[in-house]
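**Q** Before we start, here is the structure in question, set down as structure tokens.
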Amino acid sequence: MDLRTGALLARPANGKGGPYTPVIPIGFYTQFDGYLARNLSISAELAAQGFTVVHPVPSFANFTALDEVLDSMEEAGLYLMYDMRGEYQNSTSVTEQVNHIKSRPNLLLWYTADEPDGTSDPLNATLLSSNLIQSLDGGDGKGGAGYHPVSLVLNCENYFFTEYASGADIVMQDTYMIGNNVTHSAVWNTVCTTDYGDCGCDNCQGSFGDISTRMDEFRERLSINGWERTKAVWTVPQAFGNETYWKRYPTGKEFVVESIIGINHGALGVVSWDDPTTSDIKASASLLATSIPKMTPYITSPTAQFRQVAINGIDIGLWSVGSGTLVLATNTNYETATLPLKDLDLNPNLAQGNIVQVLNSGSTISPDKSAFVFESVGSGAFVVKTK
């Protein structure tokens, strides 16, 4: 991890060597037995769609089948996010798995606890597991830093956040607010308040703002704990529906909105639950994934001057490096919206003829190049040259 920015630094995932470079991983929690293990060509397909990381979902009952899938991922140049959710409190199992996986050149990071706050795991469980993993993974034998960061996801807004987050370098949030009733539980037939009830999205309002609030709160807590330079936050967009609390899938454009809000509020990785998903979501996720390399030099630059603003329901991140500014914007309204460049303190005269769109998920540059125009839940990324 680059402690100046929180971004991960990695060699190419194909195992052929190369320098460490910043990466913003984007991909899915991906079903293993019923999907990845049944077709070894899926890895190549995901790579061709622009995705850079795969998070196989256990259990992995057969190491031979697992190795075949991981080999296919390496061949395709995909990074591995290795999941030990069901076994992370079992030191014997963790030791066996870490020793089996740690030398793989495409291993990017470990994943231990899946929503430990939701299942009330022991409060020291994540830290104990992280210490063991890092001691096995090139650390000092006492829990010191290993070669690969450790990650987990937290489900609740703030349930023993500090205790669970202490056992991770990367803390993920999974605010799922599409298609669920956040005031009355469809599963438990109870009301949901700040004190009581489970509606599938803890203390949510049922809007895209739930994602930005959760991201901001997680990052603020990292700072309060003195972890702002040693831990990072990633985002988990919703790519599922038609089950339990969630009565529909997000649309592809809504998926992009979820993802960009996460990035604009500090996420340095995007790993969605889950794949397989709908063709609409997969196409939109691929559109975002293929644009990420054009944005990475701005988002991961240690010299970037960053601003996050919200204007009339449009969530905007701006990263200025040298003479260029990356504008990453998403319209959270279910109606069209216009964003004048002057409202971003970007001089439209200097910007004339010097705007390049690098992501189009329902957005465009106005004919006079003075504004960005967004469809309902449309998003876009633009590089504006100001000199």
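To be explicit about the labels: the chains of the structure tokens are called A, B, and onward in the order shown, and within each one the residues are counted from 1, while ligands get numbers from 1 in the order they are shown.
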Find the residues of region 193-304 of chain A that sit at most 12 Å from region 49-58 of chain A; for each, write down the nearest two atoms and how far apart they are in Å, to one decimal. Count only C-alpha atoms. Sort by chain, then by number going up, and give it as CSV.
**A**
residue,atom,partner,partner_atom,distance
A:Val236,CA,A:His55,CA,11.7
A:Gly269,CA,A:Val53,CA,9.6
A:Val270,CA,A:Val53,CA,9.2
A:Val271,CA,A:His55,CA,7.8
A:Ser272,CA,A:His55,CA,9.3
A:Trp273,CA,A:His55,CA,9.6
A:Asp274,CA,A:Val57,CA,9.3
A:Asp275,CA,A:Pro56,CA,9.5
A:Pro276,CA,A:Pro56,CA,11.5
A:Lys282,CA,A:Gln49,CA,8.8
A:Ala283,CA,A:Gln49,CA,8.3
A:Ser284,CA,A:Gln49,CA,10.2
A:Ala285,CA,A:Phe51,CA,8.4
A:Ser286,CA,A:Gln49,CA,5.3
A:Leu287,CA,A:Gly50,CA,7.9
A:Leu288,CA,A:Gly50,CA,8.4
A:Ala289,CA,A:Gly50,CA,5.1
A:Thr290,CA,A:Gly50,CA,4.8
A:Ser291,CA,A:Gly50,CA,8.4
A:Ile292,CA,A:Gly50,CA,8.8
A:Pro293,CA,A:Gly50,CA,9.4
**Q** Among region 72-295 of chain A, which ones does DSSP assign to alpha helix (DSSP H) (computed from the backbone)? Answer as a ChimeraX atom specification.
**A** /A:72-76,91-101,125-136,161-165,209-224,252-264,279-295
**Q** Using backbone DSSP assignments, extract all strand (DSSP E or B) residues from region 146-272 of chain A; output them as number ranges by chain.
**A** A: 150-154, 170-173, 184, 191, 232-235, 238, 243, 246, 270-272
**Q** Those selected residues, please, written with N, CA, C and O atoms and delivered as an mmCIF file, in the first residue's frame.
**A**
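What ended up in result-v5.cif:
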data_model
loop_
_atom_site.group_PDB
_atom_site.id
_atom_site.type_symbol
_atom_site.label_atom_id
_atom_site.label_comp_id
_atom_site.auth_asym_id
_atom_site.auth_seq_id
_atom_site.Cartn_x
_atom_site.Cartn_y
_atom_site.Cartn_z
ATOM 1 N N VAL A 150 -4.631 -7.118 4.304
ATOM 2 C CA VAL A 150 -5.765 -7.913 4.767
ATOM 3 C C VAL A 150 -7.014 -7.036 4.695
ATOM 4 O O VAL A 150 -6.982 -5.862 5.081
ATOM 5 N N SER A 151 -8.110 -7.621 4.207
ATOM 6 C CA SER A 151 -9.347 -6.857 4.065
ATOM 7 C C SER A 151 -10.505 -7.580 4.730
ATOM 8 O O SER A 151 -10.438 -8.776 5.023
ATOM 9 N N LEU A 152 -11.578 -6.830 4.955
ATOM 10 C CA LEU A 152 -12.845 -7.375 5.437
ATOM 11 C C LEU A 152 -13.945 -6.387 5.068
ATOM 12 O O LEU A 152 -13.679 -5.259 4.686
ATOM 13 N N VAL A 153 -15.191 -6.827 5.201
ATOM 14 C CA VAL A 153 -16.315 -5.928 4.954
ATOM 15 C C VAL A 153 -17.164 -5.827 6.217
ATOM 16 O O VAL A 153 -17.373 -6.821 6.920
ATOM 17 N N LEU A 154 -17.613 -4.604 6.521
ATOM 18 C CA LEU A 154 -18.500 -4.366 7.647
ATOM 19 C C LEU A 154 -19.880 -3.989 7.129
ATOM 20 O O LEU A 154 -20.019 -3.202 6.194
ATOM 21 N N ILE A 170 -7.641 -2.871 4.770
ATOM 22 C CA ILE A 170 -8.673 -2.337 3.890
ATOM 23 C C ILE A 170 -10.027 -2.699 4.474
ATOM 24 O O ILE A 170 -10.359 -3.877 4.649
ATOM 25 N N VAL A 171 -10.804 -1.661 4.785
ATOM 26 C CA VAL A 171 -12.134 -1.831 5.354
ATOM 27 C C VAL A 171 -13.151 -1.521 4.248
ATOM 28 O O VAL A 171 -13.120 -0.444 3.654
ATOM 29 N N MET A 172 -14.017 -2.472 3.975
ATOM 30 C CA MET A 172 -15.004 -2.319 2.910
ATOM 31 C C MET A 172 -16.380 -2.052 3.509
ATOM 32 O O MET A 172 -16.684 -2.506 4.614
ATOM 33 N N GLN A 173 -17.206 -1.304 2.766
ATOM 34 C CA GLN A 173 -18.590 -1.069 3.191
ATOM 35 C C GLN A 173 -19.525 -1.574 2.108
ATOM 36 O O GLN A 173 -19.252 -1.430 0.922
ATOM 37 N N HIS A 184 -39.511 -0.654 6.836
ATOM 38 C CA HIS A 184 -40.256 -1.821 7.313
ATOM 39 C C HIS A 184 -39.649 -3.074 6.681
ATOM 40 O O HIS A 184 -39.539 -3.178 5.470
ATOM 41 N N VAL A 191 -40.859 -2.881 11.992
ATOM 42 C CA VAL A 191 -40.362 -1.577 11.590
ATOM 43 C C VAL A 191 -38.843 -1.561 11.739
ATOM 44 O O VAL A 191 -38.262 -2.371 12.480
ATOM 45 N N ALA A 232 -7.311 1.848 4.372
ATOM 46 C CA ALA A 232 -8.095 2.458 3.301
ATOM 47 C C ALA A 232 -9.494 1.864 3.294
ATOM 48 O O ALA A 232 -9.738 0.792 3.863
ATOM 49 N N VAL A 233 -10.415 2.571 2.636
ATOM 50 C CA VAL A 233 -11.791 2.113 2.508
ATOM 51 C C VAL A 233 -12.069 1.764 1.048
ATOM 52 O O VAL A 233 -11.690 2.512 0.144
ATOM 53 N N TRP A 234 -12.703 0.623 0.830
ATOM 54 C CA TRP A 234 -13.176 0.222 -0.497
ATOM 55 C C TRP A 234 -14.694 0.145 -0.470
ATOM 56 O O TRP A 234 -15.312 0.118 0.596
ATOM 57 N N THR A 235 -15.287 0.093 -1.661
ATOM 58 C CA THR A 235 -16.744 0.067 -1.757
ATOM 59 C C THR A 235 -17.226 -1.226 -2.416
ATOM 60 O O THR A 235 -16.541 -1.790 -3.275
ATOM 61 N N GLN A 238 -23.949 -2.828 -5.037
ATOM 62 C CA GLN A 238 -24.962 -3.881 -5.119
ATOM 63 C C GLN A 238 -25.164 -4.287 -6.569
ATOM 64 O O GLN A 238 -25.482 -3.467 -7.424
ATOM 65 N N GLU A 243 -34.453 -10.868 -4.137
ATOM 66 C CA GLU A 243 -34.274 -11.801 -3.031
ATOM 67 C C GLU A 243 -34.484 -11.081 -1.709
ATOM 68 O O GLU A 243 -34.289 -9.867 -1.605
ATOM 69 N N TRP A 246 -34.354 -7.260 -0.971
ATOM 70 C CA TRP A 246 -34.153 -6.470 -2.178
ATOM 71 C C TRP A 246 -35.029 -7.006 -3.307
ATOM 72 O O TRP A 246 -34.761 -8.075 -3.867
ATOM 73 N N VAL A 270 -13.130 -1.265 -6.021
ATOM 74 C CA VAL A 270 -14.558 -1.479 -6.247
ATOM 75 C C VAL A 270 -14.758 -2.974 -6.477
ATOM 76 O O VAL A 270 -14.367 -3.504 -7.522
ATOM 77 N N VAL A 271 -15.341 -3.655 -5.501
ATOM 78 C CA VAL A 271 -15.574 -5.098 -5.609
ATOM 79 C C VAL A 271 -17.030 -5.353 -5.246
ATOM 80 O O VAL A 271 -17.429 -5.210 -4.100
ATOM 81 N N SER A 272 -17.823 -5.720 -6.250
ATOM 82 C CA SER A 272 -19.276 -5.783 -6.102
ATOM 83 C C SER A 272 -19.755 -7.174 -5.717
ATOM 84 O O SER A 272 -19.194 -8.176 -6.144
#
**Q** So that I can see what lies close to Ala304 (chain A), please list as a PyMOL selection string the residues with an atom at most 7 Å from it, counting only C-alpha atoms and leaving out residues fewer than 4 positions away in the same chain.
**A** chain A and resi 298+319-321
**Q** Which residues are near Ile261 (chain A)? Cut-off 8 Å, only C-alpha atoms, ignore same chain within fewer than 4 positions. Put them as a PyMOL selection string.
**A** chain A and resi 208+211-212+257+265+315+330
**Q** Could you check which of A:Glu375, A:Asp202, A:Asp195, A:Asp174 is closest to Glu254 (chain A), using only C-alpha atoms?
**A**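 Between A:Glu375, A:Asp202, A:Asp195, A:Asp174, the residue approaching Glu254 (chain A) most closely is A:Glu375.
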**Q** Go through A:Leu344, A:Ile133, A:Ile24, A:Val309 and flag the residue nearest Met295 (chain A), using only C-alpha atoms for the distances.
**A**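 Among A:Leu344, A:Ile133, A:Ile24, A:Val309, it is A:Ile24 that comes nearest to Met295 (chain A).
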